[in-house]
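Data block for data.cif (mmCIF, C-alpha atoms):
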```cif
data_input
loop_
_atom_site.group_PDB
_atom_site.id
_atom_site.type_symbol
_atom_site.label_atom_id
_atom_site.label_comp_id
_atom_site.auth_asym_id
_atom_site.auth_seq_id
_atom_site.Cartn_x
_atom_site.Cartn_y
_atom_site.Cartn_z
ATOM 1 C CA GLU A 1129 147.488 161.639 101.823
ATOM 2 C CA ASN A 1130 146.061 158.225 102.652
ATOM 3 C CA MET A 1131 147.439 158.349 106.189
ATOM 4 C CA PHE A 1132 145.800 161.711 106.920
ATOM 5 C CA LEU A 1133 142.517 160.642 105.410
ATOM 6 C CA GLY A 1134 142.716 157.369 107.339
ATOM 7 C CA TYR A 1135 143.076 159.292 110.605
ATOM 8 C CA ASN A 1136 140.132 161.396 109.512
ATOM 9 C CA ASP A 1137 138.035 158.310 108.871
ATOM 10 C CA GLN A 1138 139.109 156.272 111.909
ATOM 11 C CA ARG A 1139 139.683 158.947 114.546
ATOM 12 C CA GLY A 1140 137.812 161.998 113.368
ATOM 13 C CA LEU A 1141 140.967 164.073 112.857
ATOM 14 C CA PRO A 1142 140.021 166.890 110.466
ATOM 15 C CA ALA A 1143 141.994 166.392 107.260
ATOM 16 C CA THR A 1144 141.861 167.601 103.690
ATOM 17 C CA ALA A 1145 144.298 166.647 100.932
ATOM 18 C CA LEU A 1146 145.066 169.357 98.392
ATOM 19 C CA ARG A 1147 146.800 168.336 95.180
ATOM 20 C CA PHE A 1148 148.670 171.155 93.458
ATOM 21 C CA PHE A 1149 149.285 171.229 89.720
ATOM 22 C CA ASN A 1150 152.262 173.200 88.348
ATOM 23 C CA VAL A 1151 152.134 176.247 90.586
ATOM 24 C CA TYR A 1152 154.201 179.109 89.166
ATOM 25 C CA GLY A 1153 154.959 182.728 89.933
ATOM 26 C CA PRO A 1154 157.603 185.149 91.191
ATOM 27 C CA ARG A 1155 160.457 183.695 93.241
ATOM 28 C CA GLN A 1156 160.016 180.229 91.756
ATOM 29 C CA GLU A 1157 163.199 178.171 91.478
ATOM 30 C CA SER A 1158 164.749 178.874 88.083
ATOM 31 C CA SER A 1159 167.920 176.795 88.153
ATOM 32 C CA ALA A 1160 168.233 173.766 85.894
ATOM 33 C CA TYR A 1161 166.590 171.793 88.718
ATOM 34 C CA GLY A 1162 163.598 174.115 89.029
ATOM 35 C CA PHE A 1163 160.129 173.934 87.542
ATOM 36 C CA VAL A 1164 159.561 174.434 83.835
ATOM 37 C CA THR A 1165 158.140 177.974 84.000
ATOM 38 C CA GLY A 1166 161.056 179.393 85.965
ATOM 39 C CA VAL A 1167 163.578 177.435 83.908
ATOM 40 C CA PHE A 1168 162.151 178.725 80.609
ATOM 41 C CA ILE A 1169 162.060 182.323 81.848
ATOM 42 C CA ARG A 1170 165.656 182.100 83.079
ATOM 43 C CA GLN A 1171 166.802 180.640 79.755
ATOM 44 C CA VAL A 1172 165.051 183.373 77.759
ATOM 45 C CA LEU A 1173 166.417 186.158 79.981
ATOM 46 C CA ASP A 1174 169.896 184.674 79.487
ATOM 47 C CA GLY A 1175 169.339 184.921 75.711
ATOM 48 C CA LYS A 1176 169.067 181.157 75.331
ATOM 49 C CA SER A 1177 166.361 179.106 73.688
ATOM 50 C CA PRO A 1178 163.980 177.359 76.074
ATOM 51 C CA THR A 1179 164.847 173.661 76.138
ATOM 52 C CA VAL A 1180 161.815 171.591 75.161
ATOM 53 C CA TYR A 1181 162.149 167.852 75.692
ATOM 54 C CA GLY A 1182 160.585 165.601 73.078
ATOM 55 C CA ASP A 1183 158.040 167.108 70.688
ATOM 56 C CA GLY A 1184 156.716 169.681 73.171
ATOM 57 C CA MET A 1185 153.213 168.234 73.057
ATOM 58 C CA MET A 1186 153.201 167.073 76.676
ATOM 59 C CA THR A 1187 150.514 168.981 78.527
ATOM 60 C CA ARG A 1188 150.394 170.398 82.017
ATOM 61 C CA ASP A 1189 147.980 172.531 84.001
ATOM 62 C CA PHE A 1190 149.510 175.796 85.275
ATOM 63 C CA ILE A 1191 148.066 177.778 88.182
ATOM 64 C CA TYR A 1192 149.407 181.137 89.367
ATOM 65 C CA ILE A 1193 150.688 181.246 92.944
ATOM 66 C CA ASP A 1194 148.134 183.839 94.145
ATOM 67 C CA ASP A 1195 145.266 181.624 92.990
ATOM 68 C CA ASN A 1196 146.854 178.578 94.601
ATOM 69 C CA ILE A 1197 147.145 180.392 97.933
ATOM 70 C CA GLU A 1198 143.555 181.639 97.752
ATOM 71 C CA ALA A 1199 142.338 178.083 97.150
ATOM 72 C CA GLN A 1200 144.320 176.839 100.163
ATOM 73 C CA ILE A 1201 142.856 179.519 102.424
ATOM 74 C CA ARG A 1202 139.323 178.772 101.276
ATOM 75 C CA ALA A 1203 139.855 175.054 101.879
ATOM 76 C CA LEU A 1204 141.019 175.809 105.431
ATOM 77 C CA LEU A 1205 138.009 177.979 106.191
ATOM 78 C CA THR A 1206 135.250 175.486 105.423
ATOM 79 C CA ASP A 1207 134.176 172.178 106.912
ATOM 80 C CA LYS A 1208 132.935 171.011 103.498
ATOM 81 C CA THR A 1209 136.448 169.891 102.563
ATOM 82 C CA ASN A 1210 136.947 167.592 105.560
ATOM 83 C CA GLY A 1211 137.916 164.095 104.400
ATOM 84 C CA GLN A 1212 138.203 165.192 100.773
ATOM 85 C CA VAL A 1213 140.946 165.122 98.144
ATOM 86 C CA ILE A 1214 140.791 168.331 96.123
ATOM 87 C CA ASN A 1215 142.749 169.136 92.967
ATOM 88 C CA ILE A 1216 143.959 172.737 92.843
ATOM 89 C CA GLY A 1217 144.551 173.914 89.283
ATOM 90 C CA MET A 1218 143.039 175.724 86.336
ATOM 91 C CA GLY A 1219 141.538 172.606 84.779
ATOM 92 C CA ARG A 1220 143.114 173.502 81.416
ATOM 93 C CA GLN A 1221 145.867 171.756 79.486
ATOM 94 C CA THR A 1222 148.744 173.741 78.004
ATOM 95 C CA THR A 1223 151.457 172.117 75.924
ATOM 96 C CA ILE A 1224 155.050 172.646 76.995
ATOM 97 C CA LEU A 1225 155.739 174.056 73.521
ATOM 98 C CA ASP A 1226 152.908 176.581 73.917
ATOM 99 C CA LEU A 1227 154.318 177.587 77.315
ATOM 100 C CA ALA A 1228 157.763 178.179 75.782
ATOM 101 C CA GLU A 1229 156.279 180.211 72.920
ATOM 102 C CA LYS A 1230 154.217 182.352 75.308
ATOM 103 C CA ILE A 1231 157.319 183.183 77.367
ATOM 104 C CA ILE A 1232 159.296 184.027 74.226
ATOM 105 C CA ARG A 1233 156.455 186.307 73.053
ATOM 106 C CA ILE A 1234 156.357 188.097 76.410
ATOM 107 C CA SER A 1235 160.137 188.619 76.241
ATOM 108 C CA GLY A 1236 159.983 190.184 72.790
ATOM 109 C CA LYS A 1237 163.117 188.252 71.827
ATOM 110 C CA ASP A 1238 163.675 186.642 68.441
ATOM 111 C CA ILE A 1239 164.462 183.096 69.533
ATOM 112 C CA GLN A 1240 162.905 179.684 69.020
ATOM 113 C CA PRO A 1241 162.531 176.753 71.399
ATOM 114 C CA GLU A 1242 165.285 174.144 71.212
ATOM 115 C CA PHE A 1243 163.985 170.589 70.941
ATOM 116 C CA VAL A 1244 166.074 167.866 72.540
ATOM 117 C CA THR A 1245 165.503 164.142 72.674
ATOM 118 C CA SER A 1246 164.228 163.045 76.034
ATOM 119 C CA LYS A 1247 165.177 159.806 77.722
ATOM 120 C CA ARG A 1248 162.678 160.542 80.466
ATOM 121 C CA THR A 1249 159.293 158.898 80.580
ATOM 122 C CA ASP A 1250 157.071 161.663 81.908
ATOM 123 C CA ILE A 1251 153.312 161.585 81.985
ATOM 124 C CA ARG A 1252 152.266 162.850 78.551
ATOM 125 C CA TYR A 1253 148.999 164.565 79.456
ATOM 126 C CA ARG A 1254 148.259 165.961 82.889
ATOM 127 C CA CYS A 1255 145.169 167.993 83.680
ATOM 128 C CA PRO A 1256 143.197 167.850 86.926
ATOM 129 C CA ASP A 1257 139.476 167.562 87.440
ATOM 130 C CA VAL A 1258 138.808 170.727 89.477
ATOM 131 C CA THR A 1259 135.103 170.091 90.100
ATOM 132 C CA LYS A 1260 135.582 169.671 93.856
ATOM 133 C CA MET A 1261 137.604 172.890 94.015
ATOM 134 C CA LYS A 1262 134.727 174.763 92.426
ATOM 135 C CA ASP A 1263 131.960 172.994 94.347
ATOM 136 C CA LEU A 1264 133.439 172.633 97.842
ATOM 137 C CA ILE A 1265 135.445 175.837 98.195
ATOM 138 C CA ASP A 1266 133.564 177.913 95.620
ATOM 139 C CA PHE A 1267 136.733 178.920 93.839
ATOM 140 C CA THR A 1268 137.692 179.504 90.235
ATOM 141 C CA PRO A 1269 141.229 180.780 89.544
ATOM 142 C CA GLN A 1270 141.286 184.435 88.524
ATOM 143 C CA VAL A 1271 144.719 184.827 86.910
ATOM 144 C CA GLY A 1272 144.910 183.391 83.400
ATOM 145 C CA LEU A 1273 148.110 181.877 82.070
ATOM 146 C CA ASP A 1274 149.052 184.839 79.857
ATOM 147 C CA GLU A 1275 148.641 187.351 82.694
ATOM 148 C CA GLY A 1276 150.371 185.096 85.224
ATOM 149 C CA LEU A 1277 153.319 184.523 82.907
ATOM 150 C CA LYS A 1278 153.638 188.266 82.292
ATOM 151 C CA ARG A 1279 153.670 188.985 86.044
ATOM 152 C CA THR A 1280 156.207 186.227 86.603
ATOM 153 C CA PHE A 1281 158.406 187.279 83.687
ATOM 154 C CA ASP A 1282 158.362 190.915 84.843
ATOM 155 C CA TRP A 1283 159.430 189.883 88.346
ATOM 156 C CA TYR A 1284 162.302 187.770 87.001
ATOM 157 C CA LYS A 1285 163.364 190.539 84.639
ATOM 158 C CA GLU A 1286 163.521 193.021 87.510
ATOM 159 C CA ASN A 1287 165.260 190.587 89.859
ATOM 160 C CA HIS A 1288 167.233 188.505 87.340
ATOM 161 C CA ALA A 1289 170.691 189.455 88.575
ATOM 162 C CA LYS A 1290 169.635 188.744 92.170
ATOM 163 C CA SER A 1291 167.931 185.392 91.582
#
```

As structure tokens, the full file:
Amino acid sequence: ENMFLGYNDQRGLPATALRFFNVYGPRQESSAYGFVTGVFIRQVLDGKSPTVYGDGMMTRDFIYIDDNIEAQIRALLTDKTNGQVINIGMGRQTTILDLAEKIIRISGKDIQPEFVTSKRTDIRYRCPDVTKMKDLIDFTPQVGLDEGLKRTFDWYKENHAKS
């Protein structure tokens, strides 16, 4: 990021840095090494409880893949973003526990999250300031978390055996 912006500043090379926050959607990696949304959906479809590390109160900002792509395209199509660092997200915090509960609700299954002690030291609260996204590329995400999770869950359900 700094190297690109340095070239922009010193040599006039057009550059914009986009920072993505927890992009999710169909085809997302769902193995144990994937991102939390895909992992939780896979666990629930397998009839397992979603594994929540710690107390589940860590927060993240989740943005649906279609909105993320639209923001990228808009950033490419304007000169207003040149030399800027722009956060791409919803600008809303969701706890990991709330995410797990939403996925369970969508599934219709009678399971509860499984809490496990975490030895990891993750950032507890993570939510971007999306002011530049709104001001410079005139974009506000259109797909809310509930709708995005339903679309993602439905895709995994249909393609579960293949993924």

Taken to one decimal, the atom CA of A:Tyr1161-atom CA of A:Thr1249 distance is 16.9 Å

Expected residue set, 9 Å radius at (134.3, 173.9, 99.9), all atoms listed in the file, as a ChimeraX atom specification: /A:1202-1210,1260-1267

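For the structure in this document, the set picked by the PyMOL selection byres ((chain A and resi 1192) around 9) is Asn1150, Val1151, Tyr1152, Gly1153, Phe1190, Ile1191, Ile1193, Asp1194, Asp1195, Asn1196, Ile1197, Gly1217, Met1218, Pro1269, Gln1270, Val1271, Gly1272, Leu1273, Gly1276, Leu1277 and Thr1280 of chain A.
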
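Residues matched by the PyMOL selection byres ((chain A and resi 1239-1242) around 10) in this structure: Phe1168, Val1172, Gly1175, Lys1176, Ser1177, Pro1178, Thr1179, Val1180, Tyr1181, Gly1182, Gly1184, Leu1225, Asp1226, Ala1228, Glu1229, Ile1232, Arg1233, Ser1235, Gly1236, Lys1237, Asp1238, Phe1243 and Val1244 of chain A.
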
One-decimal distance in Å that lies between atom CA of A:Gln1221 and atom CA of A:Asp1189: 5.0 Å

Take the PyMOL selection byres ((chain A and resi 1143) around 8), apply it to the structure above, and return the hits as a ChimeraX atom specification. /A:1132-1133,1135-1136,1141-1142,1144-1145,1210-1212

Could you turn the residues from that selection into a file that holds C-alpha atoms, as a PDB file, in the coordinates of the input?
```
ATOM      1  CA  PHE A1132     145.800 161.711 106.920  1.00  0.00           C
ATOM      2  CA  LEU A1133     142.517 160.642 105.410  1.00  0.00           C
ATOM      3  CA  TYR A1135     143.076 159.292 110.605  1.00  0.00           C
ATOM      4  CA  ASN A1136     140.132 161.396 109.512  1.00  0.00           C
ATOM      5  CA  LEU A1141     140.967 164.073 112.857  1.00  0.00           C
ATOM      6  CA  PRO A1142     140.021 166.890 110.466  1.00  0.00           C
ATOM      7  CA  THR A1144     141.861 167.601 103.690  1.00  0.00           C
ATOM      8  CA  ALA A1145     144.298 166.647 100.932  1.00  0.00           C
ATOM      9  CA  ASN A1210     136.947 167.592 105.560  1.00  0.00           C
ATOM     10  CA  GLY A1211     137.916 164.095 104.400  1.00  0.00           C
ATOM     11  CA  GLN A1212     138.203 165.192 100.773  1.00  0.00           C
TER      12      GLN A1212
END
```

Between atom CA of A:Asp1174 and atom CA of A:Arg1188 lies a distance of 24.3 Å

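Compared by their closest atoms to A:Leu1227, and using all atoms listed in the file, the residues A:Arg1155, A:Lys1285, A:Lys1278, A:Arg1139 rank with A:Lys1278 nearest.
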
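Nearest to A:Cys1255 of all the residues A:Phe1163, A:Thr1268, A:Ala1199, A:Thr1187 is A:Thr1187, counting only C-alpha atoms.
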
When you count all atoms listed in the file, which of these residues is closest to A:Thr1259: A:Glu1275, A:Trp1283, A:Thr1223, A:Ile1216? A:Ile1216

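Nearest to A:Tyr1253 of all the residues A:Asn1130, A:Ile1214, A:Glu1157, A:Ile1224 is A:Ile1224, based on only C-alpha atoms.
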
Please give the centre and size of the box around stretch 1269-1282 of chain A (axis-aligned, containing every atom listed in the file, 6 Å added per side), with values in Å to one decimal and written as AutoDock Vina command-line options.
```
--center_x 149.8 --center_y 185.8 --center_z 84.7 --size_x 29.2 --size_y 22.1 --size_z 21.7
```
